[in-house]
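Okay, work_34.tsv now, which holds TSV, C-alpha atoms and all ligand atoms:
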```tsv
chain	number	residue	atom	x	y	z
A	1	MET	CA	-17.17	4.46	-18.86
A	2	LEU	CA	-17.05	5.23	-15.18
A	3	THR	CA	-20.47	6.40	-14.05
A	4	TYR	CA	-20.91	9.14	-11.49
A	5	ARG	CA	-22.40	6.58	-9.15
A	6	LEU	CA	-19.33	4.34	-9.44
A	7	ARG	CA	-17.09	7.34	-8.99
A	8	PHE	CA	-18.99	8.14	-5.83
A	9	VAL	CA	-18.54	4.59	-4.60
A	10	LEU	CA	-14.81	4.68	-5.37
A	11	VAL	CA	-14.39	8.00	-3.61
A	12	PHE	CA	-16.35	6.64	-0.69
A	13	MET	CA	-14.34	3.40	-0.65
A	14	PHE	CA	-10.91	4.85	-1.14
A	15	GLY	CA	-11.40	8.38	0.13
A	16	CYS	CA	-9.39	9.54	-2.85
A	17	CYS	CA	-9.65	12.14	-5.53
A	18	ILE	CA	-10.75	10.56	-8.75
A	19	SER	CA	-10.15	12.63	-11.85
A	20	PRO	CA	-13.23	13.75	-13.81
A	21	CYS	CA	-14.77	11.23	-16.14
A	22	PHE	CA	-15.95	11.98	-19.61
A	23	ALA	CA	-18.81	10.24	-21.35
A	24	GLY	CA	-17.56	7.77	-23.91
A	25	ASP	CA	-14.07	7.50	-22.44
A	26	PRO	CA	-13.25	3.81	-22.80
A	27	SER	CA	-10.65	3.63	-20.03
A	28	PRO	CA	-11.54	4.45	-16.44
A	29	PRO	CA	-9.91	7.79	-15.65
A	30	VAL	CA	-8.78	6.71	-12.23
A	31	ASP	CA	-5.56	8.61	-12.07
A	32	ILE	CA	-3.33	6.67	-9.71
A	33	ASP	CA	0.40	7.30	-9.40
A	34	ARG	CA	1.99	3.87	-9.43
A	35	ARG	CA	5.62	3.81	-8.41
A	36	ILE	CA	7.46	1.16	-6.46
A	37	ALA	CA	11.00	0.60	-5.16
A	38	ILE	CA	12.45	-2.93	-5.03
A	39	THR	CA	14.45	-3.85	-1.94
A	40	ILE	CA	16.12	-7.24	-1.55
A	41	ASP	CA	17.25	-8.37	1.90
A	42	ASP	CA	19.71	-10.86	3.41
A	43	LEU	CA	22.63	-10.49	0.99
A	44	PRO	CA	24.79	-11.99	-0.23
A	45	TRP	CA	22.27	-14.87	-0.05
A	46	VAL	CA	19.61	-16.21	2.28
A	47	VAL	CA	21.48	-18.87	4.24
A	48	GLY	CA	20.52	-20.16	7.66
A	49	SER	CA	24.08	-20.77	8.77
A	50	ASP	CA	27.65	-20.71	7.54
A	51	GLN	CA	27.38	-24.45	6.92
A	52	ALA	CA	24.68	-23.85	4.31
A	53	TRP	CA	27.41	-22.76	1.91
A	54	GLU	CA	28.93	-26.21	2.16
A	55	ASP	CA	25.77	-28.30	2.39
A	56	ARG	CA	26.06	-30.74	-0.49
A	57	ASN	CA	22.45	-31.87	-0.24
A	58	SER	CA	20.76	-28.56	-0.86
A	59	LEU	CA	22.61	-25.34	-1.21
A	60	SER	CA	26.34	-25.24	-1.73
A	61	ALA	CA	28.76	-22.44	-2.52
A	62	LYS	CA	28.65	-23.57	-6.16
A	63	ASN	CA	24.85	-23.67	-6.28
A	64	ILE	CA	24.53	-20.37	-4.48
A	65	LYS	CA	26.87	-18.75	-6.98
A	66	GLN	CA	24.75	-20.05	-9.85
A	67	HIS	CA	21.51	-18.80	-8.28
A	68	HIS	CA	23.19	-15.47	-7.55
A	69	ARG	CA	24.28	-15.13	-11.19
A	70	ARG	CA	20.74	-15.82	-12.38
A	71	LEU	CA	19.30	-13.25	-9.99
A	72	ILE	CA	21.82	-10.57	-10.99
A	73	GLY	CA	21.24	-11.38	-14.67
A	74	ALA	CA	17.46	-11.11	-14.28
A	75	MET	CA	17.78	-7.85	-12.32
A	76	LYS	CA	19.96	-6.31	-15.03
A	77	LYS	CA	17.55	-7.42	-17.74
A	78	ALA	CA	14.53	-6.01	-15.88
A	79	LYS	CA	16.07	-2.53	-15.88
A	80	ALA	CA	14.55	-1.53	-12.55
A	81	PRO	CA	16.53	0.07	-9.72
A	82	VAL	CA	17.20	-2.26	-6.78
A	83	ILE	CA	18.80	-1.91	-3.38
A	84	GLY	CA	20.16	-4.95	-1.57
A	85	PHE	CA	20.59	-5.14	2.22
A	86	VAL	CA	23.66	-6.94	3.50
A	87	ASN	CA	24.27	-9.21	6.48
A	88	GLU	CA	28.01	-8.99	6.61
A	89	GLY	CA	28.31	-11.97	8.95
A	90	LYS	CA	27.46	-14.17	5.96
A	91	LEU	CA	30.75	-13.18	4.34
A	92	TYR	CA	32.71	-15.12	6.97
A	93	SER	CA	33.49	-18.75	7.55
A	94	GLY	CA	34.52	-18.78	11.18
A	95	ASP	CA	36.76	-15.73	11.42
A	96	LEU	CA	37.84	-15.90	7.81
A	97	LEU	CA	36.48	-13.47	5.26
A	98	GLN	CA	35.43	-15.39	2.15
A	99	LYS	CA	36.54	-13.33	-0.82
A	100	ASN	CA	34.14	-15.09	-3.19
A	101	ARG	CA	31.18	-14.04	-1.04
A	102	LEU	CA	32.44	-10.46	-0.89
A	103	ALA	CA	32.74	-10.59	-4.69
A	104	MET	CA	29.01	-11.38	-4.85
A	105	LEU	CA	28.33	-7.99	-3.25
A	106	ASP	CA	30.64	-6.32	-5.72
A	107	ASP	CA	28.51	-7.87	-8.50
A	108	TRP	CA	25.56	-5.83	-7.24
A	109	LEU	CA	27.51	-2.59	-7.36
A	110	GLU	CA	29.12	-3.40	-10.71
A	111	ALA	CA	25.63	-3.95	-12.11
A	112	GLY	CA	24.60	-0.49	-10.89
A	113	PHE	CA	22.50	-1.54	-7.88
A	114	GLU	CA	22.73	-0.09	-4.38
A	115	LEU	CA	23.66	-1.75	-1.10
A	116	GLY	CA	22.57	-0.99	2.45
A	117	ASN	CA	23.20	-2.33	5.96
A	118	HIS	CA	20.95	-5.05	7.45
A	119	THR	CA	23.14	-5.65	10.56
A	120	TYR	CA	26.07	-8.07	10.74
A	121	GLY	CA	24.22	-11.06	12.13
A	122	HIS	CA	20.57	-10.44	11.16
A	123	VAL	CA	19.78	-9.70	14.80
A	124	SER	CA	16.44	-8.58	16.18
A	125	LEU	CA	16.50	-5.32	18.11
A	126	HIS	CA	13.81	-6.78	20.35
A	127	ASP	CA	16.06	-9.67	21.37
A	128	VAL	CA	19.51	-8.14	21.73
A	129	GLY	CA	18.73	-4.66	23.05
A	130	LEU	CA	19.80	-1.28	21.76
A	131	GLN	CA	23.51	-1.30	22.61
A	132	ALA	CA	24.27	-4.69	21.09
A	133	TYR	CA	22.12	-3.76	18.11
A	134	GLU	CA	24.09	-0.60	17.43
A	135	GLU	CA	27.33	-2.56	17.72
A	136	ASN	CA	25.97	-5.08	15.25
A	137	ILE	CA	25.14	-2.29	12.79
A	138	LEU	CA	28.72	-0.97	12.96
A	139	LYS	CA	30.14	-4.50	12.70
A	140	GLY	CA	27.94	-4.84	9.63
A	141	GLU	CA	29.73	-2.12	7.68
A	142	GLN	CA	33.36	-3.22	8.09
A	143	GLN	CA	33.47	-4.59	4.55
A	144	LEU	CA	30.48	-2.68	3.20
A	145	ARG	CA	31.91	0.79	3.80
A	146	PRO	CA	35.22	0.21	1.94
A	147	LEU	CA	33.41	-1.73	-0.79
A	148	LEU	CA	31.01	1.16	-1.35
A	149	ALA	CA	33.93	3.61	-1.21
A	150	LYS	CA	35.47	1.80	-4.20
A	151	HIS	CA	32.30	2.78	-6.05
A	152	LYS	CA	32.42	6.32	-4.62
A	153	GLN	CA	29.46	5.63	-2.34
A	154	THR	CA	28.85	5.53	1.40
A	155	PRO	CA	26.33	3.40	3.33
A	156	GLN	CA	23.10	5.39	3.42
A	157	TRP	CA	20.31	2.96	4.12
A	158	PHE	CA	19.52	0.74	7.06
A	159	ARG	CA	16.87	-2.00	7.12
A	160	HIS	CA	15.82	-3.59	10.44
A	161	PRO	CA	15.95	-7.41	10.39
A	162	TYR	CA	12.41	-8.78	10.77
A	163	LEU	CA	11.31	-5.10	10.43
A	164	ARG	CA	11.45	-5.02	14.24
A	165	ALA	CA	12.12	-1.40	14.95
A	166	GLY	CA	11.87	-1.02	18.74
A	167	ARG	CA	9.61	-1.82	21.70
A	168	THR	CA	9.69	1.69	23.18
A	169	LEU	CA	9.58	5.17	21.70
A	170	GLU	CA	12.80	5.92	23.63
A	171	ASP	CA	14.64	3.05	21.93
A	172	LYS	CA	13.30	4.14	18.56
A	173	ALA	CA	14.42	7.73	19.09
A	174	ALA	CA	17.86	6.63	20.31
A	175	LEU	CA	18.33	4.33	17.31
A	176	GLN	CA	17.22	7.09	14.95
A	177	THR	CA	19.86	9.42	16.45
A	178	PHE	CA	22.52	6.72	16.20
A	179	LEU	CA	21.67	6.00	12.57
A	180	SER	CA	21.66	9.69	11.64
A	181	GLU	CA	25.05	10.15	13.29
A	182	HIS	CA	26.43	7.37	11.09
A	183	GLY	CA	24.87	8.68	7.91
A	184	TYR	CA	21.99	6.20	7.68
A	185	ARG	CA	18.31	6.56	6.90
A	186	ILE	CA	15.80	3.88	7.83
A	187	ALA	CA	14.44	1.96	4.84
A	188	PRO	CA	10.78	1.19	5.59
A	189	VAL	CA	8.66	-1.45	3.85
A	190	THR	CA	5.12	-0.84	2.66
A	191	VAL	CA	4.45	-4.00	0.64
A	192	ASP	CA	5.19	-6.53	3.36
A	193	ASN	CA	4.51	-10.10	2.30
A	194	GLY	CA	5.03	-13.81	2.81
A	195	GLU	CA	7.52	-14.26	-0.05
A	196	TRP	CA	9.85	-15.95	2.41
A	197	VAL	CA	7.35	-18.80	2.92
A	198	TYR	CA	7.19	-19.48	-0.83
A	199	ALA	CA	11.00	-19.33	-0.90
A	200	PHE	CA	11.30	-21.79	2.02
A	201	ALA	CA	9.02	-24.21	0.22
A	202	TYR	CA	10.91	-23.75	-3.05
A	203	ARG	CA	14.25	-24.45	-1.41
A	204	LYS	CA	12.95	-27.53	0.39
A	205	ILE	CA	11.65	-28.98	-2.87
A	206	LEU	CA	14.89	-28.13	-4.68
A	207	ALA	CA	16.87	-29.80	-1.89
A	208	LYS	CA	14.89	-33.02	-2.23
A	209	GLY	CA	16.14	-33.39	-5.79
A	210	GLY	CA	14.57	-35.95	-8.08
A	211	ASP	CA	11.56	-35.31	-10.26
A	212	ASN	CA	9.92	-32.30	-8.68
A	213	LYS	CA	9.47	-30.02	-11.66
A	214	GLU	CA	5.70	-29.83	-11.29
A	215	THR	CA	5.76	-28.68	-7.67
A	216	LEU	CA	8.45	-26.10	-8.41
A	217	ALA	CA	6.45	-24.81	-11.37
A	218	ARG	CA	3.29	-24.67	-9.24
A	219	LEU	CA	5.10	-22.63	-6.59
A	220	ARG	CA	6.50	-20.21	-9.19
A	221	HIS	CA	3.13	-19.97	-10.87
A	222	ASP	CA	1.28	-19.17	-7.62
A	223	TYR	CA	3.95	-16.81	-6.27
A	224	ILE	CA	3.61	-14.13	-8.98
A	225	PRO	CA	-0.16	-13.41	-8.63
A	226	TYR	CA	0.22	-13.62	-4.84
A	227	MET	CA	2.83	-10.84	-4.91
A	228	VAL	CA	0.82	-8.74	-7.37
A	229	ALA	CA	-2.22	-9.11	-5.09
A	230	LYS	CA	-0.10	-7.82	-2.20
A	231	VAL	CA	0.89	-4.76	-4.25
A	232	ASP	CA	-2.81	-4.20	-5.03
A	233	PHE	CA	-3.76	-4.56	-1.40
A	234	PHE	CA	-1.25	-1.96	-0.20
A	235	GLU	CA	-2.17	0.34	-3.09
A	236	HIS	CA	-5.75	0.36	-1.81
A	237	ALA	CA	-4.59	0.65	1.80
A	238	SER	CA	-2.46	3.68	0.92
A	239	ILE	CA	-5.34	5.38	-0.92
A	240	ASN	CA	-7.62	4.58	1.99
A	241	LEU	CA	-5.21	6.01	4.55
A	242	LEU	CA	-3.52	8.88	2.73
A	243	GLY	CA	-5.91	9.69	-0.09
A	244	TYR	CA	-3.35	8.67	-2.72
A	245	ASN	CA	-1.04	5.81	-3.62
A	246	LEU	CA	2.34	6.60	-2.13
A	247	PRO	CA	5.44	5.34	-3.93
A	248	GLN	CA	5.51	1.82	-2.51
A	249	ILE	CA	8.51	-0.11	-1.15
A	250	LEU	CA	8.53	-3.86	-1.78
A	251	LEU	CA	10.43	-6.34	0.38
A	252	MET	CA	12.00	-9.44	-1.16
A	253	HIS	CA	15.01	-11.65	-0.42
A	254	ALA	CA	18.07	-12.98	-2.24
A	255	ASN	CA	16.90	-16.55	-2.73
A	256	GLU	CA	16.46	-19.29	-5.33
A	257	LEU	CA	12.78	-18.51	-5.91
A	258	ASN	CA	13.51	-14.94	-6.94
A	259	ALA	CA	16.48	-16.08	-9.04
A	260	ASP	CA	13.95	-18.14	-11.02
A	261	THR	CA	11.03	-15.68	-11.14
A	262	TYR	CA	12.42	-12.16	-10.92
A	263	GLY	CA	11.84	-11.18	-14.55
A	264	GLU	CA	8.30	-12.51	-14.52
A	265	LEU	CA	7.46	-10.79	-11.24
A	266	ILE	CA	8.75	-7.42	-12.42
A	267	ALA	CA	6.82	-7.78	-15.69
A	268	ALA	CA	3.61	-8.60	-13.78
A	269	ILE	CA	3.97	-5.54	-11.52
A	270	ARG	CA	4.77	-3.40	-14.57
A	271	ALA	CA	1.62	-4.72	-16.25
A	272	LYS	CA	-0.37	-3.23	-13.33
A	273	GLY	CA	0.90	0.18	-14.41
A	274	TYR	CA	3.81	0.42	-11.98
A	275	ARG	CA	7.04	2.23	-12.68
A	276	PHE	CA	10.14	1.19	-10.77
A	277	VAL	CA	11.97	3.88	-8.85
A	278	THR	CA	14.86	4.10	-6.42
A	279	LEU	CA	14.29	3.85	-2.69
A	280	GLU	CA	15.43	7.47	-2.48
A	281	GLU	CA	12.72	8.58	-4.91
A	282	SER	CA	10.02	6.68	-3.01
A	283	MET	CA	11.20	8.23	0.24
A	284	ARG	CA	10.79	11.76	-1.13
A	285	ASP	CA	7.06	11.32	-0.66
A	286	PRO	CA	5.91	13.30	2.42
A	287	ALA	CA	4.11	10.25	3.85
A	288	TYR	CA	7.50	8.84	4.82
A	289	LYS	CA	7.99	11.82	7.13
A	290	ARG	CA	5.22	10.42	9.31
A	291	ALA	CA	6.46	9.09	12.63
A	292	ASP	CA	6.66	5.33	13.14
A	293	THR	CA	5.26	5.02	16.64
A	294	PHE	CA	4.58	1.29	16.44
A	295	THR	CA	6.11	-0.59	19.37
A	296	GLY	CA	4.57	-4.04	18.92
A	297	ARG	CA	6.54	-7.29	18.87
A	298	PHE	CA	6.44	-7.91	15.16
A	299	GLY	CA	7.30	-5.93	12.04
A	300	PRO	CA	4.27	-4.91	9.97
A	301	SER	CA	4.09	-2.66	6.88
A	302	TRP	CA	4.67	1.01	7.54
A	303	ILE	CA	1.19	1.68	6.09
A	304	HIS	CA	-0.25	-0.48	8.84
A	305	ARG	CA	1.91	1.28	11.46
A	306	TRP	CA	0.50	4.65	10.42
A	307	ALA	CA	-3.01	3.20	10.28
A	308	LEU	CA	-2.63	1.82	13.82
A	309	ALA	CA	-1.50	5.26	15.00
A	310	GLU	CA	-4.68	6.71	13.47
A	311	LYS	CA	-6.74	3.96	15.12
A	312	LYS	CA	-8.24	2.80	11.84
A	313	PRO	CA	-11.10	0.32	12.28
A	314	LYS	CA	-10.58	-3.41	11.79
A	315	ALA	CA	-12.06	-3.25	8.31
A	316	PHE	CA	-9.01	-1.27	7.16
A	317	TYR	CA	-6.81	-4.33	7.50
A	318	GLU	CA	-9.20	-6.87	6.02
A	319	GLY	CA	-8.71	-8.61	2.70
A	320	GLU	CA	-4.94	-8.91	2.81
A	321	PRO	CA	-3.80	-11.82	0.63
A	322	VAL	CA	-2.48	-14.79	2.57
A	323	VAL	CA	-0.02	-17.55	1.72
A	324	PRO	CA	-2.14	-20.63	0.91
A	325	GLN	CA	-2.06	-23.62	3.22
A	326	TRP	CA	-0.41	-25.92	0.67
A	327	VAL	CA	2.56	-23.53	0.47
A	328	LEU	CA	2.80	-23.33	4.27
A	329	ASP	CA	2.74	-27.14	4.35
A	330	LEU	CA	5.53	-27.46	1.78
A	331	ALA	CA	7.56	-24.87	3.66
A	332	GLU	CA	6.84	-26.72	6.91
A	333	VAL	CA	5.95	-23.50	8.70
A	334	GLU	CA	2.84	-22.99	10.80
A	335	SER	CA	2.07	-19.41	9.85
A	336	GLU	CA	3.39	-16.39	8.00
B	1	ZN	ZN	16.36	-9.90	6.67
```

Structure re-expressed in structure tokens:
Amino acid sequence: MLTYRLRFVLVFMFGCCISPCFAGDPSPPVDIDRRIAITIDDLPWVVGSDQAWEDRNSLSAKNIKQHHRRLIGAMKKAKAPVIGFVNEGKLYSGDLLQKNRLAMLDDWLEAGFELGNHTYGHVSLHDVGLQAYEENILKGEQQLRPLLAKHKQTPQWFRHPYLRAGRTLEDKAALQTFLSEHGYRIAPVTVDNGEWVYAFAYRKILAKGGDNKETLARLRHDYIPYMVAKVDFFEHASINLLGYNLPQILLMHANELNADTYGELIAAIRAKGYRFVTLEESMRDPAYKRADTFTGRFGPSWIHRWALAEKKPKAFYEGEPVVPQWVLDLAEVESE
């Protein structure tokens, strides 16, 4: 039973409306809407360079195809909507379009998932400037647009690489106009996370070969609760900021780690009471009409952008789960 005192504390903590509680009710009547959209970036696969497809020591076209099949299989089985964001440059070897890589994208559409544009070359707006960025967006739909047309769709969603969305309000406004003119909407992220660090570590261990089952299992085992804790954190942050839990948007990548854990991760988020929805459904929430006025160097969660605009105190941001040091060490990265 949720006492009035606890209800008061929760309301105070989260600034939210908590539905009335009845004496003897065994389950806490905290009525939270839990919806989340899954977005997977860097399609057809996270590769550092074109050579990665041919690298016999770690990834190879054959290995990538196998990982890709496992990911698609797990996504189908999980029965949750997903949108993937494409870097079209990864479809080419030199100037040559690789049909087998294009076919990987078709697998997504055949399975009923959506695809969006993530620029041709995974470029940062903050590095290349607005004009080159816009060119890279258009270059990034040369194959995507006809591919979607085959499935009676058009490109509708754009995701900024690194979530870097502009250093000035002028650039942001100009990019917004450009995207609208080309039929795109910006796909924000609310549940930002360090999944990529786990994935780096996982790939490095896989690449080493040999007897590494324990380390791989440890990474998989730690990754799931880490991601669930991130969802929890942004649920609380949303309630704290908006007074309710907005339909969240989770960022992940097309990598070996997710090929091996996708089903388990989705089940764990479902067990928290979440229902999986399309990006479009999440975006119907009025919170997403809020302006993104963040012009910092990096790419934080949209919840944090809105909180920064409201000048929330430091305490608002505290308690965010971090990638543990042993994972950073395995990934050989200094920080998230
Ligand atoms: Zn990306």

Fill in: Neighbourhood of ligand ZN 1 (chain B) at 12 Å, counting all atoms listed in the file, reported as a count of residues only
41

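Considering all atoms listed in the file, the residue among A:Arg167, A:Lys99, A:Lys230, A:Lys208 positioned nearest to Asn193 of chain A is A:Lys230.
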
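Between atom CA of Tyr198 of chain A and atom CA of Val327 of chain A the interatomic distance comes to 6.3 Å.
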
Practice prompt. Point out the residue among A:Glu214, A:Ala165, A:Tyr262, A:Lys139 with the least atom-to-atom distance to Asp292 of chain A, counting all atoms listed in the file.
Written response: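 The shortest atom-to-atom distance to Asp292 of chain A comes from A:Ala165.
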
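Nearest residue to Ser282 of chain A among A:Gln248, A:Arg69, A:Gln51, A:Glu114 is A:Gln248, counting all atoms listed in the file.
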
Discussion item. Distance cut-off 8 Å, centre (3.6, -0.6, 4.5) in file coordinates, counting all atoms listed in the file: which residues qualify? Return them as a ChimeraX atom specification.
Written reply: /A:188-192,234,248-249,300-305

Prev. selection, C-alpha atoms, output as a tab-separated table (two decimals), keeping the file's coordinate frame:
```tsv
chain	number	residue	atom	x	y	z
A	188	PRO	CA	10.78	1.19	5.59
A	189	VAL	CA	8.66	-1.45	3.85
A	190	THR	CA	5.12	-0.84	2.66
A	191	VAL	CA	4.45	-4.00	0.64
A	192	ASP	CA	5.19	-6.53	3.36
A	234	PHE	CA	-1.25	-1.96	-0.20
A	248	GLN	CA	5.51	1.82	-2.51
A	249	ILE	CA	8.51	-0.11	-1.15
A	300	PRO	CA	4.27	-4.91	9.97
A	301	SER	CA	4.09	-2.66	6.88
A	302	TRP	CA	4.67	1.01	7.54
A	303	ILE	CA	1.19	1.68	6.09
A	304	HIS	CA	-0.25	-0.48	8.84
A	305	ARG	CA	1.91	1.28	11.46
```

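Atom pair atom CA of Ala237 of chain A / atom CA of Tyr317 of chain A has a distance of 7.9 Å (rounded to one decimal).
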
Worksheet item: Between A:Pro81, A:Gly129, A:Pro324, A:Gly73, which is the closest to Lys172 of chain A once you count only C-alpha atoms?
Response: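 For Lys172 of chain A, the nearest of the given residues is A:Gly129.
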
Discussion item. Excluding Ile72 of chain A and its own-chain neighbours fewer than 5 positions away, which residues fall within 9 Å of it when counting only C-alpha atoms? Please give them as a list in words.
Written reply: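 Here the qualifying residues turn out to be His67, Lys77, Asp107, Trp108, Ala111 and Ala259 of chain A.
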
Fill in: All residues 12 Å or closer to Ala268 of chain A, all atoms listed in the file, same chain fewer than 3 positions away omitted, as a list of chain:residue names
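The filter keeps A:Ala78, A:His221, A:Tyr223, A:Ile224, A:Pro225, A:Tyr226, A:Met227, A:Val228, A:Ala229, A:Val231, A:Asp232, A:Thr261, A:Tyr262, A:Gly263, A:Glu264, A:Leu265, A:Ala271, A:Lys272, A:Gly273, A:Tyr274, A:Arg275.
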
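Here atom CA of Leu279 of chain A stands at a distance of 9.1 Å from atom CA of Trp157 of chain A.
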
Expected axis-aligned box over every listed atom of segment 59-72 of chain A, 4 Å added per side, centre plus edges in Å to one decimal, as JSON:
```
{"center_x": 24.0, "center_y": -18.0, "center_z": -6.8, "size_x": 17.5, "size_y": 22.8, "size_z": 19.2}
```

Worksheet entry | Best match for closeness to Leu175 of chain A among A:Ala217, A:Ala207, A:Leu125, A:Val322, counting only C-alpha atoms |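 Distance minimum relative to Leu175 of chain A lands on A:Leu125.
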
Worksheet item: Between A:Lys65, A:Arg185, A:Lys76, A:His151, which one has atoms that come closest to Glu280 of chain A, using all atoms listed in the file?
Response: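 Of A:Lys65, A:Arg185, A:Lys76, A:His151, the one nearest Glu280 of chain A, counting all atoms listed in the file, is A:Arg185.
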
Practice prompt. Would you list the contacts of Leu216 of chain A as an MDAnalysis selection string, taking every protein, DNA or RNA residue within 9 Å and counting only C-alpha atoms, but skipping same-chain residues closer than 5 positions in sequence?
Written response: chainID A and resid 201:202 205:206 221

Write out all heavy atoms for segment 297-304 of chain A, as a PDB file, in the frame of the given file.
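The resulting part_6.pdb:
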```
ATOM      1  N   ARG A 297       5.481  -6.260  18.957  1.00  0.00           N
ATOM      2  CA  ARG A 297       6.540  -7.290  18.870  1.00  0.00           C
ATOM      3  C   ARG A 297       7.039  -7.521  17.457  1.00  0.00           C
ATOM      4  O   ARG A 297       8.196  -7.786  17.219  1.00  0.00           O
ATOM      5  CB  ARG A 297       5.964  -8.619  19.362  1.00  0.00           C
ATOM      6  CG  ARG A 297       6.233  -8.913  20.804  1.00  0.00           C
ATOM      7  CD  ARG A 297       5.548 -10.203  21.188  1.00  0.00           C
ATOM      8  NE  ARG A 297       6.275 -11.367  20.696  1.00  0.00           N
ATOM      9  CZ  ARG A 297       5.741 -12.593  20.615  1.00  0.00           C
ATOM     10  NH1 ARG A 297       4.491 -12.793  20.949  1.00  0.00           N
ATOM     11  NH2 ARG A 297       6.462 -13.600  20.186  1.00  0.00           N
ATOM     12  N   PHE A 298       6.086  -7.479  16.505  1.00  0.00           N
ATOM     13  CA  PHE A 298       6.440  -7.910  15.160  1.00  0.00           C
ATOM     14  C   PHE A 298       6.716  -6.708  14.247  1.00  0.00           C
ATOM     15  O   PHE A 298       6.748  -5.576  14.706  1.00  0.00           O
ATOM     16  CB  PHE A 298       5.344  -8.816  14.596  1.00  0.00           C
ATOM     17  CG  PHE A 298       5.164 -10.041  15.435  1.00  0.00           C
ATOM     18  CD1 PHE A 298       4.000 -10.252  16.155  1.00  0.00           C
ATOM     19  CD2 PHE A 298       6.191 -10.962  15.553  1.00  0.00           C
ATOM     20  CE1 PHE A 298       3.854 -11.373  16.953  1.00  0.00           C
ATOM     21  CE2 PHE A 298       6.060 -12.093  16.356  1.00  0.00           C
ATOM     22  CZ  PHE A 298       4.887 -12.293  17.063  1.00  0.00           C
ATOM     23  N   GLY A 299       6.900  -6.993  12.964  1.00  0.00           N
ATOM     24  CA  GLY A 299       7.300  -5.930  12.040  1.00  0.00           C
ATOM     25  C   GLY A 299       6.358  -5.759  10.875  1.00  0.00           C
ATOM     26  O   GLY A 299       6.632  -6.241   9.779  1.00  0.00           O
ATOM     27  N   PRO A 300       5.221  -5.067  11.080  1.00  0.00           N
ATOM     28  CA  PRO A 300       4.270  -4.910   9.970  1.00  0.00           C
ATOM     29  C   PRO A 300       4.685  -3.818   8.971  1.00  0.00           C
ATOM     30  O   PRO A 300       5.642  -3.075   9.214  1.00  0.00           O
ATOM     31  CB  PRO A 300       2.979  -4.505  10.685  1.00  0.00           C
ATOM     32  CG  PRO A 300       3.434  -3.795  11.917  1.00  0.00           C
ATOM     33  CD  PRO A 300       4.738  -4.437  12.312  1.00  0.00           C
ATOM     34  N   SER A 301       3.928  -3.725   7.880  1.00  0.00           N
ATOM     35  CA  SER A 301       4.090  -2.660   6.880  1.00  0.00           C
ATOM     36  C   SER A 301       3.991  -1.294   7.540  1.00  0.00           C
ATOM     37  O   SER A 301       3.226  -1.103   8.484  1.00  0.00           O
ATOM     38  CB  SER A 301       2.971  -2.796   5.836  1.00  0.00           C
ATOM     39  OG  SER A 301       2.782  -1.577   5.143  1.00  0.00           O
ATOM     40  N   TRP A 302       4.731  -0.353   7.005  1.00  0.00           N
ATOM     41  CA  TRP A 302       4.670   1.010   7.540  1.00  0.00           C
ATOM     42  C   TRP A 302       3.269   1.607   7.336  1.00  0.00           C
ATOM     43  O   TRP A 302       2.829   2.414   8.129  1.00  0.00           O
ATOM     44  CB  TRP A 302       5.746   1.901   6.908  1.00  0.00           C
ATOM     45  CG  TRP A 302       6.949   2.054   7.791  1.00  0.00           C
ATOM     46  CD1 TRP A 302       7.347   3.208   8.408  1.00  0.00           C
ATOM     47  CD2 TRP A 302       7.917   1.057   8.172  1.00  0.00           C
ATOM     48  NE1 TRP A 302       8.483   2.981   9.162  1.00  0.00           N
ATOM     49  CE2 TRP A 302       8.860   1.672   9.031  1.00  0.00           C
ATOM     50  CE3 TRP A 302       8.062  -0.301   7.895  1.00  0.00           C
ATOM     51  CZ2 TRP A 302       9.935   0.981   9.584  1.00  0.00           C
ATOM     52  CZ3 TRP A 302       9.132  -0.991   8.452  1.00  0.00           C
ATOM     53  CH2 TRP A 302      10.042  -0.355   9.284  1.00  0.00           C
ATOM     54  N   ILE A 303       2.570   1.193   6.298  1.00  0.00           N
ATOM     55  CA  ILE A 303       1.190   1.680   6.090  1.00  0.00           C
ATOM     56  C   ILE A 303       0.324   1.230   7.262  1.00  0.00           C
ATOM     57  O   ILE A 303      -0.471   1.997   7.799  1.00  0.00           O
ATOM     58  CB  ILE A 303       0.623   1.179   4.741  1.00  0.00           C
ATOM     59  CG1 ILE A 303       1.381   1.862   3.581  1.00  0.00           C
ATOM     60  CG2 ILE A 303      -0.879   1.457   4.637  1.00  0.00           C
ATOM     61  CD1 ILE A 303       0.975   1.392   2.191  1.00  0.00           C
ATOM     62  N   HIS A 304       0.524   0.008   7.704  1.00  0.00           N
ATOM     63  CA  HIS A 304      -0.250  -0.480   8.840  1.00  0.00           C
ATOM     64  C   HIS A 304       0.178   0.208  10.149  1.00  0.00           C
ATOM     65  O   HIS A 304      -0.645   0.456  11.021  1.00  0.00           O
ATOM     66  CB  HIS A 304      -0.113  -2.008   8.957  1.00  0.00           C
ATOM     67  CG  HIS A 304      -0.994  -2.722   7.971  1.00  0.00           C
ATOM     68  ND1 HIS A 304      -0.876  -4.056   7.685  1.00  0.00           N
ATOM     69  CD2 HIS A 304      -2.009  -2.271   7.187  1.00  0.00           C
ATOM     70  CE1 HIS A 304      -1.795  -4.404   6.789  1.00  0.00           C
ATOM     71  NE2 HIS A 304      -2.471  -3.331   6.466  1.00  0.00           N
TER      72      HIS A 304
END
```
